[in-house]
>>> print(open('coords09.txt').read())   # compact mmCIF, C-alpha atoms and all ligand atoms
# COMPACT_ATOMS: atom_id res chain seq x y z
CA MET A 1 22.49 -0.01 -25.44
CA SER A 2 20.22 -0.98 -28.31
CA ASP A 3 22.17 -4.23 -28.67
CA THR A 4 20.80 -5.48 -25.33
CA PRO A 5 17.68 -7.63 -25.36
CA TYR A 6 16.04 -5.43 -22.71
CA ASP A 7 15.34 -1.72 -22.35
CA VAL A 8 14.36 -1.91 -18.69
CA ILE A 9 14.88 -4.42 -15.88
CA VAL A 10 12.39 -4.30 -13.02
CA LEU A 11 13.75 -5.62 -9.71
CA GLY A 12 10.92 -6.95 -7.52
CA LEU A 13 7.49 -7.88 -8.89
CA GLY A 14 5.37 -7.14 -5.83
CA GLY A 15 2.78 -4.36 -5.72
CA MET A 16 4.84 -1.60 -7.32
CA GLY A 17 7.16 -3.66 -9.52
CA SER A 18 4.37 -5.62 -11.22
CA ALA A 19 2.57 -2.34 -11.98
CA ALA A 20 5.80 -0.82 -13.36
CA ALA A 21 6.46 -3.90 -15.54
CA TYR A 22 2.96 -3.61 -16.99
CA HIS A 23 3.08 0.13 -17.71
CA LEU A 24 6.56 -0.14 -19.23
CA ALA A 25 5.65 -3.10 -21.45
CA ALA A 26 2.37 -1.44 -22.48
CA ARG A 27 4.40 1.54 -23.73
CA GLY A 28 6.58 -0.70 -25.85
CA SER A 29 9.64 -1.14 -23.61
CA ARG A 30 11.34 -4.51 -23.71
CA VAL A 31 11.03 -5.49 -20.04
CA LEU A 32 12.75 -8.11 -17.90
CA GLY A 33 11.18 -8.54 -14.45
CA LEU A 34 13.11 -10.35 -11.70
CA GLU A 35 11.34 -11.58 -8.58
CA ARG A 36 12.78 -13.49 -5.63
CA PHE A 37 9.57 -15.43 -4.88
CA THR A 38 6.44 -16.67 -6.72
CA PRO A 39 3.75 -14.36 -8.20
CA ALA A 40 1.62 -12.65 -5.50
CA HIS A 41 3.48 -14.34 -2.62
CA ASP A 42 2.93 -13.58 1.09
CA HIS A 43 6.51 -12.86 2.25
CA GLY A 44 6.57 -9.10 1.59
CA SER A 45 4.02 -6.27 1.87
CA SER A 46 1.31 -7.06 -0.72
CA HIS A 47 -0.80 -9.88 0.73
CA GLY A 48 -3.62 -10.40 3.22
CA GLY A 49 -6.64 -10.16 0.93
CA SER A 50 -7.52 -6.45 1.26
CA ARG A 51 -6.12 -2.92 1.31
CA ILE A 52 -8.03 0.28 2.03
CA ILE A 53 -8.38 2.72 -0.83
CA ARG A 54 -9.61 6.28 -0.15
CA GLN A 55 -9.30 9.81 -1.48
CA SER A 56 -9.84 12.12 1.52
CA TYR A 57 -6.20 11.70 2.43
CA PHE A 58 -5.54 12.76 6.04
CA GLU A 59 -1.80 12.14 5.66
CA ASP A 60 -1.44 15.12 3.27
CA PRO A 61 -3.81 16.66 0.69
CA ALA A 62 -0.85 16.69 -1.73
CA TYR A 63 -1.54 12.98 -2.37
CA VAL A 64 -5.05 13.61 -3.70
CA PRO A 65 -4.22 14.23 -7.40
CA LEU A 66 -2.29 10.95 -7.45
CA LEU A 67 -5.25 9.19 -5.86
CA LEU A 68 -7.67 10.57 -8.43
CA ARG A 69 -5.45 9.19 -11.20
CA SER A 70 -5.00 5.93 -9.30
CA TYR A 71 -8.78 5.47 -9.16
CA GLU A 72 -8.99 5.88 -12.95
CA LEU A 73 -6.27 3.27 -13.33
CA TRP A 74 -7.93 0.90 -10.80
CA GLU A 75 -11.00 0.87 -13.02
CA LYS A 76 -8.90 0.43 -16.17
CA LEU A 77 -7.03 -2.46 -14.54
CA LYS A 78 -10.33 -4.12 -13.64
CA GLN A 79 -11.60 -3.72 -17.21
CA ASP A 80 -8.39 -4.75 -18.96
CA SER A 81 -7.71 -7.79 -16.77
CA GLY A 82 -11.29 -8.89 -16.12
CA ILE A 83 -10.22 -9.40 -12.47
CA ASP A 84 -12.13 -7.89 -9.57
CA VAL A 85 -9.18 -5.90 -8.21
CA TYR A 86 -11.10 -3.27 -6.24
CA SER A 87 -14.52 -2.45 -4.79
CA ILE A 88 -16.18 0.71 -3.48
CA THR A 89 -17.87 0.34 -0.08
CA GLY A 90 -17.72 3.83 1.40
CA GLY A 91 -15.45 4.62 4.33
CA LEU A 92 -15.69 6.08 7.85
CA PHE A 93 -12.72 8.04 9.23
CA MET A 94 -13.41 8.59 12.91
CA GLY A 95 -11.87 10.09 16.01
CA PRO A 96 -11.85 13.16 18.24
CA GLU A 97 -12.68 16.33 16.30
CA GLU A 98 -9.04 17.46 16.28
CA SER A 99 -7.65 13.98 15.43
CA THR A 100 -5.61 13.56 12.27
CA THR A 101 -7.97 10.85 11.06
CA PHE A 102 -11.05 13.08 11.17
CA SER A 103 -9.68 16.60 10.73
CA GLY A 104 -7.07 15.56 8.15
CA SER A 105 -9.66 13.73 6.07
CA ARG A 106 -11.93 16.79 6.24
CA ARG A 107 -9.08 19.11 5.23
CA ALA A 108 -8.23 16.99 2.16
CA SER A 109 -11.91 16.69 1.17
CA GLU A 110 -12.52 20.40 1.46
CA GLN A 111 -9.31 21.37 -0.32
CA TRP A 112 -10.04 19.09 -3.28
CA ASP A 113 -13.82 19.38 -3.23
CA LEU A 114 -14.32 15.65 -2.66
CA ALA A 115 -17.79 14.34 -1.85
CA HIS A 116 -17.99 13.78 1.91
CA GLU A 117 -20.33 13.91 4.87
CA VAL A 118 -19.53 14.86 8.46
CA LEU A 119 -21.31 12.68 11.05
CA THR A 120 -21.53 12.75 14.84
CA ASP A 121 -20.98 9.56 16.82
CA ARG A 122 -24.76 9.08 17.14
CA GLU A 123 -25.31 9.63 13.41
CA VAL A 124 -22.66 7.00 12.67
CA HIS A 125 -24.44 4.53 14.97
CA ARG A 126 -27.87 5.20 13.46
CA ARG A 127 -26.64 4.78 9.92
CA PHE A 128 -24.18 1.92 10.52
CA PRO A 129 -25.51 0.13 13.65
CA ALA A 130 -22.45 -2.13 13.99
CA PHE A 131 -20.38 0.99 14.84
CA ASP A 132 -20.62 2.68 18.24
CA PRO A 133 -17.90 5.34 18.45
CA PRO A 134 -17.18 6.94 21.85
CA ALA A 135 -19.44 9.89 22.71
CA GLY A 136 -18.29 13.17 21.22
CA GLN A 137 -16.21 11.68 18.41
CA MET A 138 -16.73 12.72 14.81
CA ALA A 139 -16.62 10.88 11.50
CA LEU A 140 -16.01 11.80 7.91
CA TYR A 141 -17.91 9.52 5.55
CA GLU A 142 -16.37 9.18 2.09
CA SER A 143 -18.56 7.40 -0.44
CA MET A 144 -15.59 6.73 -2.78
CA ALA A 145 -13.57 4.73 -0.24
CA GLY A 146 -13.32 0.97 -0.51
CA PHE A 147 -10.73 -1.73 -0.82
CA ALA A 148 -8.33 -3.29 -3.29
CA ARG A 149 -7.41 -6.96 -3.37
CA PRO A 150 -3.59 -7.05 -3.26
CA GLU A 151 -2.91 -10.57 -4.54
CA ALA A 152 -5.43 -10.18 -7.38
CA THR A 153 -3.90 -6.79 -8.27
CA VAL A 154 -0.39 -8.24 -8.50
CA GLN A 155 -1.71 -11.17 -10.58
CA ALA A 156 -3.58 -8.77 -12.87
CA HIS A 157 -0.50 -6.60 -13.50
CA ILE A 158 1.70 -9.66 -14.03
CA GLY A 159 -0.76 -11.15 -16.51
CA LEU A 160 -1.13 -7.91 -18.46
CA ALA A 161 2.63 -7.28 -18.44
CA GLN A 162 3.26 -10.74 -19.89
CA LYS A 163 0.55 -10.21 -22.48
CA ALA A 164 2.31 -6.97 -23.48
CA GLY A 165 5.55 -8.92 -23.99
CA ALA A 166 7.36 -8.59 -20.66
CA ASP A 167 9.72 -11.41 -19.76
CA LEU A 168 9.12 -12.13 -16.05
CA HIS A 169 11.34 -14.48 -14.05
CA PHE A 170 10.17 -15.80 -10.66
CA GLY A 171 12.27 -17.54 -8.02
CA GLU A 172 15.27 -15.53 -9.24
CA PRO A 173 16.65 -13.14 -6.59
CA VAL A 174 18.91 -10.31 -7.73
CA THR A 175 22.22 -10.58 -5.89
CA SER A 176 23.77 -7.31 -7.14
CA TRP A 177 23.41 -4.50 -9.65
CA SER A 178 25.79 -1.89 -11.01
CA ASP A 179 25.69 1.18 -13.19
CA SER A 180 27.86 0.64 -16.26
CA GLY A 181 27.68 4.28 -17.38
CA ASP A 182 25.59 3.72 -20.50
CA GLY A 183 23.26 1.23 -18.77
CA VAL A 184 23.03 -1.28 -15.95
CA LEU A 185 24.27 -4.77 -15.16
CA VAL A 186 22.05 -6.92 -12.97
CA THR A 187 23.25 -10.22 -11.52
CA THR A 188 21.07 -13.03 -10.21
CA GLU A 189 21.83 -16.58 -9.18
CA ALA A 190 21.08 -17.55 -12.79
CA GLY A 191 23.21 -15.01 -14.68
CA THR A 192 23.94 -11.39 -15.53
CA TYR A 193 21.60 -9.20 -17.60
CA ARG A 194 22.24 -5.89 -19.32
CA ALA A 195 19.69 -3.15 -19.96
CA ALA A 196 19.55 0.58 -20.53
CA HIS A 197 17.65 1.19 -17.28
CA LEU A 198 16.84 -0.44 -13.93
CA VAL A 199 13.68 0.14 -11.87
CA VAL A 200 14.14 -1.02 -8.26
CA CYS A 201 10.94 -1.89 -6.33
CA PRO A 202 12.30 -4.01 -3.47
CA GLY A 203 9.71 -3.40 -0.72
CA ALA A 204 11.10 -4.45 2.66
CA TRP A 205 14.43 -5.42 1.09
CA ALA A 206 15.22 -1.71 0.36
CA PRO A 207 17.59 -1.14 3.30
CA LYS A 208 19.94 -3.71 1.77
CA ILE A 209 19.63 -3.22 -1.96
CA LEU A 210 19.13 0.58 -1.85
CA SER A 211 21.42 1.37 1.09
CA ASP A 212 22.91 4.32 -0.83
CA ILE A 213 19.79 6.43 -1.57
CA GLY A 214 20.22 8.49 1.59
CA VAL A 215 16.83 7.71 3.15
CA PRO A 216 16.75 5.61 6.31
CA ILE A 217 13.93 3.05 6.01
CA ARG A 218 12.67 1.10 9.04
CA ILE A 219 11.10 -2.29 8.42
CA GLU A 220 8.20 -3.01 10.80
CA ARG A 221 6.30 -6.20 11.58
CA GLN A 222 2.53 -5.65 11.36
CA VAL A 223 -0.27 -8.09 12.22
CA MET A 224 -3.65 -8.56 10.52
CA TYR A 225 -6.55 -10.28 12.33
CA TRP A 226 -9.73 -11.81 10.90
CA ILE A 227 -12.62 -11.93 13.38
CA ASP A 228 -15.76 -14.03 12.92
CA PRO A 229 -18.55 -11.47 12.39
CA VAL A 230 -21.38 -13.99 12.68
CA ALA A 231 -21.52 -13.91 16.44
CA GLY A 232 -21.93 -10.13 16.35
CA SER A 233 -25.32 -8.55 16.92
CA ALA A 234 -25.17 -5.91 14.15
CA PRO A 235 -24.22 -7.24 10.71
CA MET A 236 -21.26 -5.60 8.98
CA GLU A 237 -21.79 -7.14 5.53
CA GLY A 238 -21.94 -4.55 2.79
CA GLY A 239 -20.75 -1.91 5.26
CA PRO A 240 -17.94 0.61 4.99
CA ILE A 241 -14.22 0.24 5.53
CA TYR A 242 -13.06 2.34 8.51
CA ILE A 243 -10.16 3.96 10.33
CA HIS A 244 -10.63 4.87 13.99
CA GLU A 245 -8.36 7.01 16.14
CA THR A 246 -8.50 7.25 19.94
CA ASP A 247 -7.57 10.11 22.26
CA GLU A 248 -4.20 8.37 22.57
CA VAL A 249 -3.63 8.92 18.83
CA GLU A 250 -3.71 5.20 18.20
CA GLN A 251 -5.39 4.11 14.98
CA ILE A 252 -7.07 0.87 13.98
CA TYR A 253 -8.60 0.13 10.58
CA GLY A 254 -10.81 -2.57 9.23
CA PHE A 255 -13.06 -4.00 6.56
CA PRO A 256 -16.50 -5.56 6.33
CA PRO A 257 -16.42 -9.35 5.79
CA ILE A 258 -15.57 -9.06 2.07
CA ASP A 259 -15.44 -12.79 1.42
CA GLY A 260 -18.64 -13.63 3.27
CA PRO A 261 -18.92 -14.27 7.02
CA GLY A 262 -16.65 -17.34 6.84
CA GLY A 263 -13.79 -15.14 5.64
CA GLY A 264 -14.00 -12.95 8.74
CA ALA A 265 -13.88 -9.16 9.19
CA LYS A 266 -10.26 -8.02 8.97
CA VAL A 267 -8.92 -5.53 11.54
CA ALA A 268 -5.44 -4.23 12.32
CA PHE A 269 -3.53 -1.56 14.16
CA PHE A 270 -2.20 1.15 11.83
CA ARG A 271 1.50 1.70 12.64
CA LYS A 272 1.94 -0.42 15.72
CA GLY A 273 4.79 -2.76 14.97
CA GLU A 274 8.25 -3.79 16.05
CA ASP A 275 11.36 -3.31 13.95
CA CYS A 276 12.38 -6.38 11.95
CA THR A 277 14.03 -7.44 8.72
CA PRO A 278 12.65 -9.78 6.03
CA GLU A 279 15.03 -12.40 7.42
CA THR A 280 14.22 -11.95 11.12
CA ILE A 281 10.48 -11.13 11.17
CA ASP A 282 8.62 -13.19 13.78
CA ARG A 283 5.66 -14.70 11.92
CA THR A 284 4.06 -16.09 15.08
CA VAL A 285 1.10 -14.07 16.36
CA TYR A 286 0.86 -14.33 20.16
CA PRO A 287 -2.24 -14.63 22.40
CA HIS A 288 -1.51 -11.27 24.10
CA GLU A 289 -1.56 -9.57 20.69
CA ILE A 290 -4.90 -11.14 19.82
CA GLU A 291 -6.35 -10.12 23.19
CA ALA A 292 -5.20 -6.51 22.72
CA MET A 293 -6.79 -6.35 19.25
CA VAL A 294 -10.10 -7.87 20.36
CA GLU A 295 -10.31 -5.44 23.28
CA ARG A 296 -9.47 -2.45 21.10
CA VAL A 297 -11.88 -3.20 18.25
CA GLY A 298 -14.64 -3.91 20.79
CA ARG A 299 -14.48 -0.25 21.80
CA LEU A 300 -15.68 0.68 18.29
CA LEU A 301 -17.62 -2.42 17.17
CA PRO A 302 -19.11 -3.87 20.36
CA GLY A 303 -20.85 -6.66 18.45
CA LEU A 304 -17.66 -7.96 16.83
CA THR A 305 -17.18 -10.56 19.53
CA GLY A 306 -16.65 -13.69 17.43
CA SER A 307 -13.55 -15.82 17.59
CA VAL A 308 -10.37 -14.84 15.77
CA LEU A 309 -10.41 -17.00 12.65
CA ASP A 310 -6.98 -16.17 11.32
CA THR A 311 -3.95 -13.91 11.68
CA ALA A 312 -1.03 -13.00 9.41
CA THR A 313 2.06 -10.80 9.51
CA CYS A 314 3.22 -8.29 6.90
CA MET A 315 5.97 -5.65 6.68
CA TYR A 316 5.84 -1.85 6.47
CA SER A 317 8.87 0.02 5.06
CA THR A 318 8.71 3.33 6.88
CA THR A 319 10.60 6.55 6.09
CA PRO A 320 11.19 9.25 8.76
CA ASP A 321 8.33 11.45 7.42
CA GLU A 322 6.17 8.53 6.22
CA ASN A 323 6.20 9.85 2.65
CA PHE A 324 7.27 7.54 -0.18
CA VAL A 325 10.54 7.51 -2.12
CA ILE A 326 9.93 7.64 -5.89
CA ALA A 327 12.64 9.19 -8.08
CA ARG A 328 15.56 8.68 -10.35
CA HIS A 329 18.32 7.32 -8.09
CA PRO A 330 20.27 10.36 -6.78
CA GLY A 331 23.59 8.71 -7.63
CA HIS A 332 22.74 6.77 -10.82
CA ARG A 333 20.79 8.30 -13.65
CA ASN A 334 20.10 4.90 -15.23
CA VAL A 335 18.27 3.72 -12.13
CA THR A 336 14.78 4.59 -10.86
CA VAL A 337 13.72 3.73 -7.30
CA ALA A 338 10.37 3.17 -5.58
CA CYS A 339 10.42 2.24 -1.90
CA GLY A 340 9.55 3.43 1.61
CA PHE A 341 5.79 3.16 1.11
CA SER A 342 5.39 3.50 4.88
CA GLY A 343 2.31 1.29 5.26
CA HIS A 344 0.04 3.30 2.94
CA GLY A 345 1.23 2.56 -0.59
CA PHE A 346 -1.13 0.01 -2.00
CA LYS A 347 -3.92 2.35 -3.07
CA PHE A 348 -1.31 4.08 -5.26
CA VAL A 349 -0.04 0.91 -6.97
CA PRO A 350 -1.56 1.65 -10.41
CA VAL A 351 -0.41 5.29 -10.53
CA VAL A 352 3.05 4.40 -9.18
CA GLY A 353 3.36 1.98 -12.11
CA GLU A 354 2.57 4.85 -14.46
CA VAL A 355 4.99 7.25 -12.70
CA LEU A 356 7.82 4.68 -12.79
CA ALA A 357 7.30 4.16 -16.51
CA ASP A 358 7.43 7.96 -16.99
CA LEU A 359 10.66 8.23 -14.99
CA ALA A 360 12.34 5.28 -16.69
CA ILE A 361 11.33 6.17 -20.25
CA ASP A 362 11.10 9.99 -20.19
CA GLY A 363 13.33 10.86 -17.23
CA GLY A 364 10.50 12.85 -15.63
CA THR A 365 6.76 12.84 -14.99
CA THR A 366 3.90 15.32 -14.98
CA HIS A 367 2.52 13.71 -11.82
CA PRO A 368 3.22 15.63 -8.59
CA ILE A 369 5.97 13.61 -6.89
CA ASP A 370 8.07 16.31 -5.17
CA LEU A 371 7.00 14.87 -1.82
CA PHE A 372 8.84 11.66 -2.68
CA ASP A 373 12.26 13.13 -3.53
CA PRO A 374 14.92 11.24 -1.55
CA ASN A 375 16.92 14.46 -1.17
CA ARG A 376 14.20 15.91 1.10
CA LEU A 377 15.68 13.97 3.98
CA ALA A 378 19.31 14.87 3.31
CA ASP A 379 19.43 17.32 6.25
CA VAL A 380 17.39 15.26 8.72
C1 LIG B 401 -0.52 -5.26 7.08
C2 LIG B 401 -0.45 -4.24 6.00
C3 LIG B 401 -1.56 -3.49 5.73
C4 LIG B 401 -1.53 -2.50 4.76
N1 LIG B 401 -2.67 -1.80 4.50
C5 LIG B 401 -2.69 -0.88 3.51
C6 LIG B 401 -3.90 -0.26 3.16
O1 LIG B 401 -4.96 -0.55 3.72
N2 LIG B 401 -3.87 0.63 2.13
C7 LIG B 401 -2.73 0.95 1.48
O2 LIG B 401 -2.78 1.80 0.58
N3 LIG B 401 -1.56 0.36 1.79
C8 LIG B 401 -1.52 -0.56 2.78
N4 LIG B 401 -0.35 -1.22 3.10
C9 LIG B 401 0.89 -0.83 2.42
C10 LIG B 401 1.04 -1.46 1.06
O3 LIG B 401 0.55 -2.78 1.07
C11 LIG B 401 2.51 -1.39 0.68
O4 LIG B 401 2.90 -0.03 0.68
C12 LIG B 401 2.77 -1.99 -0.70
O5 LIG B 401 2.25 -3.29 -0.77
C13 LIG B 401 4.28 -2.00 -0.96
O6 LIG B 401 4.53 -2.59 -2.23
P1 LIG B 401 6.02 -2.88 -2.69
O7 LIG B 401 5.96 -3.22 -4.12
O8 LIG B 401 6.90 -1.76 -2.24
O9 LIG B 401 6.47 -4.14 -1.81
P2 LIG B 401 6.22 -5.70 -2.12
O10 LIG B 401 4.86 -5.89 -2.67
O11 LIG B 401 6.62 -6.46 -0.93
O12 LIG B 401 7.20 -6.00 -3.32
C14 LIG B 401 8.61 -6.02 -3.21
C15 LIG B 401 9.07 -7.21 -4.02
O13 LIG B 401 10.46 -7.16 -4.25
C16 LIG B 401 10.93 -8.50 -4.22
N5 LIG B 401 12.37 -8.45 -4.01
C17 LIG B 401 13.02 -7.85 -2.99
N6 LIG B 401 14.35 -7.98 -3.14
C18 LIG B 401 14.54 -8.67 -4.28
C19 LIG B 401 15.71 -9.13 -4.96
N7 LIG B 401 16.94 -8.89 -4.49
N8 LIG B 401 15.54 -9.82 -6.12
C20 LIG B 401 14.30 -10.06 -6.61
N9 LIG B 401 13.17 -9.66 -5.98
C21 LIG B 401 13.30 -8.97 -4.85
C22 LIG B 401 10.15 -9.12 -3.08
O14 LIG B 401 10.18 -10.52 -3.10
C23 LIG B 401 8.78 -8.53 -3.32
O15 LIG B 401 7.99 -9.36 -4.15
C24 LIG B 401 -0.35 -2.23 4.04
C25 LIG B 401 0.79 -3.02 4.29
C26 LIG B 401 0.74 -4.02 5.25
C27 LIG B 401 1.96 -4.83 5.50
>>> encode(input="coords09.txt", output="structure tokens")
Amino acid sequence: MSDTPYDVIVLGLGGMGSAAAYHLAARGSRVLGLERFTPAHDHGSSHGGSRIIRQSYFEDPAYVPLLLRSYELWEKLKQDSGIDVYSITGGLFMGPEESTTFSGSRRASEQWDLAHEVLTDREVHRRFPAFDPPAGQMALYESMAGFARPEATVQAHIGLAQKAGADLHFGEPVTSWSDSGDGVLVTTEAGTYRAAHLVVCPGAWAPKILSDIGVPIRIERQVMYWIDPVAGSAPMEGGPIYIHETDEVEQIYGFPPIDGPGGGAKVAFFRKGEDCTPETIDRTVYPHEIEAMVERVGRLLPGLTGSVLDTATCMYSTTPDENFVIARHPGHRNVTVACGFSGHGFKFVPVVGEVLADLAIDGGTTHPIDLFDPNRLADV
């Protein structure tokens, strides 16, 4: 297919697709990127000002090597783009001693020899007075945790991809794609493009455009809340990001006020959302939801009693085992897929870009991605 103007087409230029377009173009591929909306839009999964990054991965220690590489690439992205895409604040992962949040973080830290401290509820309160975890709970403090800025990250990857020669089209939804045997054909409202390879990074649109990969993906509506920290008695500025689990196995997570007190302290439930689709998601946030969040966060941060300054909705794309899908398409060798990030993908954006470039250009990668094989769910 050397007669085509493009080596690789990237479908979707959100978190993962913009990173893939950059890594591909940086390695010399002729890239066409096709995005339904504008750069760094707020209709998908990569908006809302902040995303937790951390290494002591309670979900599964198998993610840690990818995180270590991702951290290297976060720093490289910051240097190369000159954009403040991430910051280190430290992080508290709290809950009952046997909770996934605490014990899983400890397991990953110990297995990979990551710097960490184990704190009792009283030690947490002494060191970070804004926090007052329930008596008897434990915390793992990770000094390397922090946050990424999703919109800035997408902008940085888009800018660098374009600088490396990628041709990126916005406001151009892909309506269909097909495998032509020796390459792919991709059709949009504006025309049909040919390339040797297609990388599909569709976020919450995966159930439609990747209906044949054999992994059921549920799209969930999630709400983010920004609470005025000024009224609180213990300042949170400069403090850690946090995840807190209760006896009921419910998790919330949050950030210090990263844009100054006026920007609010963001909090959210982790994995508490209703099924939706990108077309049907209810973007209204209701008073009963706000009340539930304020009550819940007050059990951890009793001084965070200010008014709710803002709210926003976002979508998770959740697989049955909450592990990602990153692979060559099981049915089409000219297609690579990245989807099902299950509400925890953003911290991996830079390394996923690198992995997708490996898969598209070399057909394989040295990064450990067995966990993300779509065939793992074939018998479920
Ligand atoms: C509220 C919330 C909080 C989160 N918190 C964290 C966190 O703290 N830490 C963390 O690591 N992760 C977090 N995540 C998860 C993380 O943000 C996602 O895993 C990640 O953003 C997914 O990126 P993506 O590229 O798959 O999706 P997106 O960024 O949504 O990109 C998909 C893109 O594909 C485009 N597209 C779709 N179909 C087409 C088409 N047919 N033609 C053209 N373009 C198309 C879309 O317009 C979109 O731009 C959170 C997610 C949410 C919603």
>>> closest_residue(input="coords09.txt", among="A:Trp177, A:Tyr193, A:Tyr71, A:Phe37", to="ligand LIG 401 (chain B)", atoms="all atoms listed in the file")
A:Phe37
>>> residues_around(input="coords09.txt", residues="A:Ile219", least_positions_apart="2", cutoff="7 Å", atoms="all atoms listed in the file", output="PyMOL selection string")
chain A and resi 204+217+221+275-277+315-318
>>> closest_residue(input="coords09.txt", among="A:Arg333, A:Ile252, A:Ile52, A:Asp42", to="A:Ala196", atoms="only C-alpha atoms")
A:Arg333
>>> closest_residue(input="coords09.txt", among="A:Pro374, A:Pro39, A:Gly343, A:Gly33", to="A:Gln155", atoms="only C-alpha atoms")
A:Pro39
>>> closest_atom_pairs(input="coords09.txt", of="chain A", to="ligand LIG 401 (chain B)", cutoff="6 Å", atoms="only C-alpha atoms and all ligand atoms", output="tab-separated table")
residue	atom	partner	partner_atom	distance
A:Leu11	CA	B:LIG401	C20	5.4
A:Gly12	CA	B:LIG401	O13	3.3
A:Leu13	CA	B:LIG401	O15	5.0
A:Gly14	CA	B:LIG401	O12	3.3
A:Gly15	CA	B:LIG401	O7	3.7
A:Met16	CA	B:LIG401	O7	3.8
A:Gly17	CA	B:LIG401	O7	5.5
A:Leu34	CA	B:LIG401	C20	5.2
A:Glu35	CA	B:LIG401	N9	3.7
A:Arg36	CA	B:LIG401	N9	3.9
A:Phe37	CA	B:LIG401	O14	5.3
A:Gly44	CA	B:LIG401	O11	3.6
A:Ser45	CA	B:LIG401	O11	3.8
A:Ser46	CA	B:LIG401	O5	3.9
A:Arg51	CA	B:LIG401	O1	3.6
A:Ile52	CA	B:LIG401	O1	3.6
A:Ile53	CA	B:LIG401	N2	5.8
A:Pro173	CA	B:LIG401	N8	3.5
A:Val174	CA	B:LIG401	N8	3.8
A:Thr175	CA	B:LIG401	N7	5.7
A:Cys201	CA	B:LIG401	O7	5.6
A:Pro202	CA	B:LIG401	O13	3.7
A:Gly203	CA	B:LIG401	O9	3.5
A:Trp205	CA	B:LIG401	N6	4.9
A:Gln222	CA	B:LIG401	C1	5.3
A:Val223	CA	B:LIG401	C1	5.9
A:Met224	CA	B:LIG401	C1	5.7
A:Cys314	CA	B:LIG401	C27	3.9
A:Met315	CA	B:LIG401	C27	4.3
A:Tyr316	CA	B:LIG401	C27	5.0
A:Cys339	CA	B:LIG401	O8	5.3
A:Phe341	CA	B:LIG401	O4	4.3
A:Gly343	CA	B:LIG401	C9	3.8
A:His344	CA	B:LIG401	N3	3.5
A:Gly345	CA	B:LIG401	O4	3.3
A:Phe346	CA	B:LIG401	O2	3.5
A:Lys347	CA	B:LIG401	O2	3.9
>>> closest_residue(input="coords09.txt", among="A:Pro330, A:Gly165, A:Gly181, A:Pro257", to="A:Arg27", atoms="all atoms listed in the file")
A:Gly165
>>> atom_distance(input="coords09.txt", atom1="atom CA of A:Ser105", atom2="atom CA of A:Tyr57")
5.4 Å
>>> residues_around(input="coords09.txt", residues="A:Leu24", least_positions_apart="6", cutoff="9 Å", atoms="all atoms listed in the file", output="VMD selection string")
chain A and resid 8 30 to 31 161 166 353 to 354 356 to 358 360 to 361
>>> residues_around(input="coords09.txt", residues="A:Ser307", least_positions_apart="2", cutoff="8 Å", atoms="only C-alpha atoms", output="PDB file with C-alpha atoms, in the coordinates of the input")
ATOM      1  CA  ILE A 227     -12.620 -11.930  13.380  1.00  0.00           C
ATOM      2  CA  ASP A 228     -15.760 -14.030  12.920  1.00  0.00           C
ATOM      3  CA  THR A 305     -17.180 -10.560  19.530  1.00  0.00           C
ATOM      4  CA  LEU A 309     -10.410 -17.000  12.650  1.00  0.00           C
TER       5      LEU A 309
END
>>> closest_residue(input="coords09.txt", among="A:Ala20, A:Phe131, A:Ser50, A:Tyr6", to="A:Asp259", atoms="all atoms listed in the file")
A:Ser50
>>> atom_distance(input="coords09.txt", atom1="atom CA of A:Glu250", atom2="atom CA of A:Met293")
12.0 Å
>>> atom_distance(input="coords09.txt", atom1="atom CA of A:Arg107", atom2="atom CA of A:Glu123")
20.5 Å
>>> closest_atom_pairs(input="coords09.txt", of="stretch 103-150 of chain A", to="stretch 233-239 of chain A", cutoff="10 Å", atoms="all atoms listed in the file", output="Markdown table")
| residue | atom | partner | partner_atom | distance |
| --- | --- | --- | --- | --- |
| A:Phe128 | CA | A:Gly239 | CA | 7.4 |
| A:Pro129 | CA | A:Ala234 | CA | 6.1 |
| A:Ala130 | CA | A:Ala234 | CA | 4.7 |
| A:Phe131 | CA | A:Ala234 | CA | 8.4 |
| A:Gly146 | CA | A:Gly239 | CA | 9.8 |
>>> write_last_selection(input="coords09.txt", atoms="C-alpha atoms", output="compact mmCIF listing (two decimals), in the coordinates of the input")
# COMPACT_ATOMS: atom_id res chain seq x y z
CA PHE A 128 -24.18 1.92 10.52
CA PRO A 129 -25.51 0.13 13.65
CA ALA A 130 -22.45 -2.13 13.99
CA PHE A 131 -20.38 0.99 14.84
CA GLY A 146 -13.32 0.97 -0.51
>>> closest_atom_pairs(input="coords09.txt", of="stretch 246-344 of chain A", to="stretch 88-94 of chain A", cutoff="10 Å", atoms="all atoms listed in the file", output="CSV")
residue,atom,partner,partner_atom,distance
A:Thr246,CA,A:Met94,CA,8.7
A:Gln251,CA,A:Met94,CA,9.4
A:Tyr253,CA,A:Phe93,CA,9.0
A:Gly254,CA,A:Gly91,CA,9.9
A:Phe255,CA,A:Gly91,CA,9.2
A:Pro256,CA,A:Thr89,CA,8.8
A:Ile258,CA,A:Thr89,CA,9.9
A:Leu300,CA,A:Met94,CA,9.8
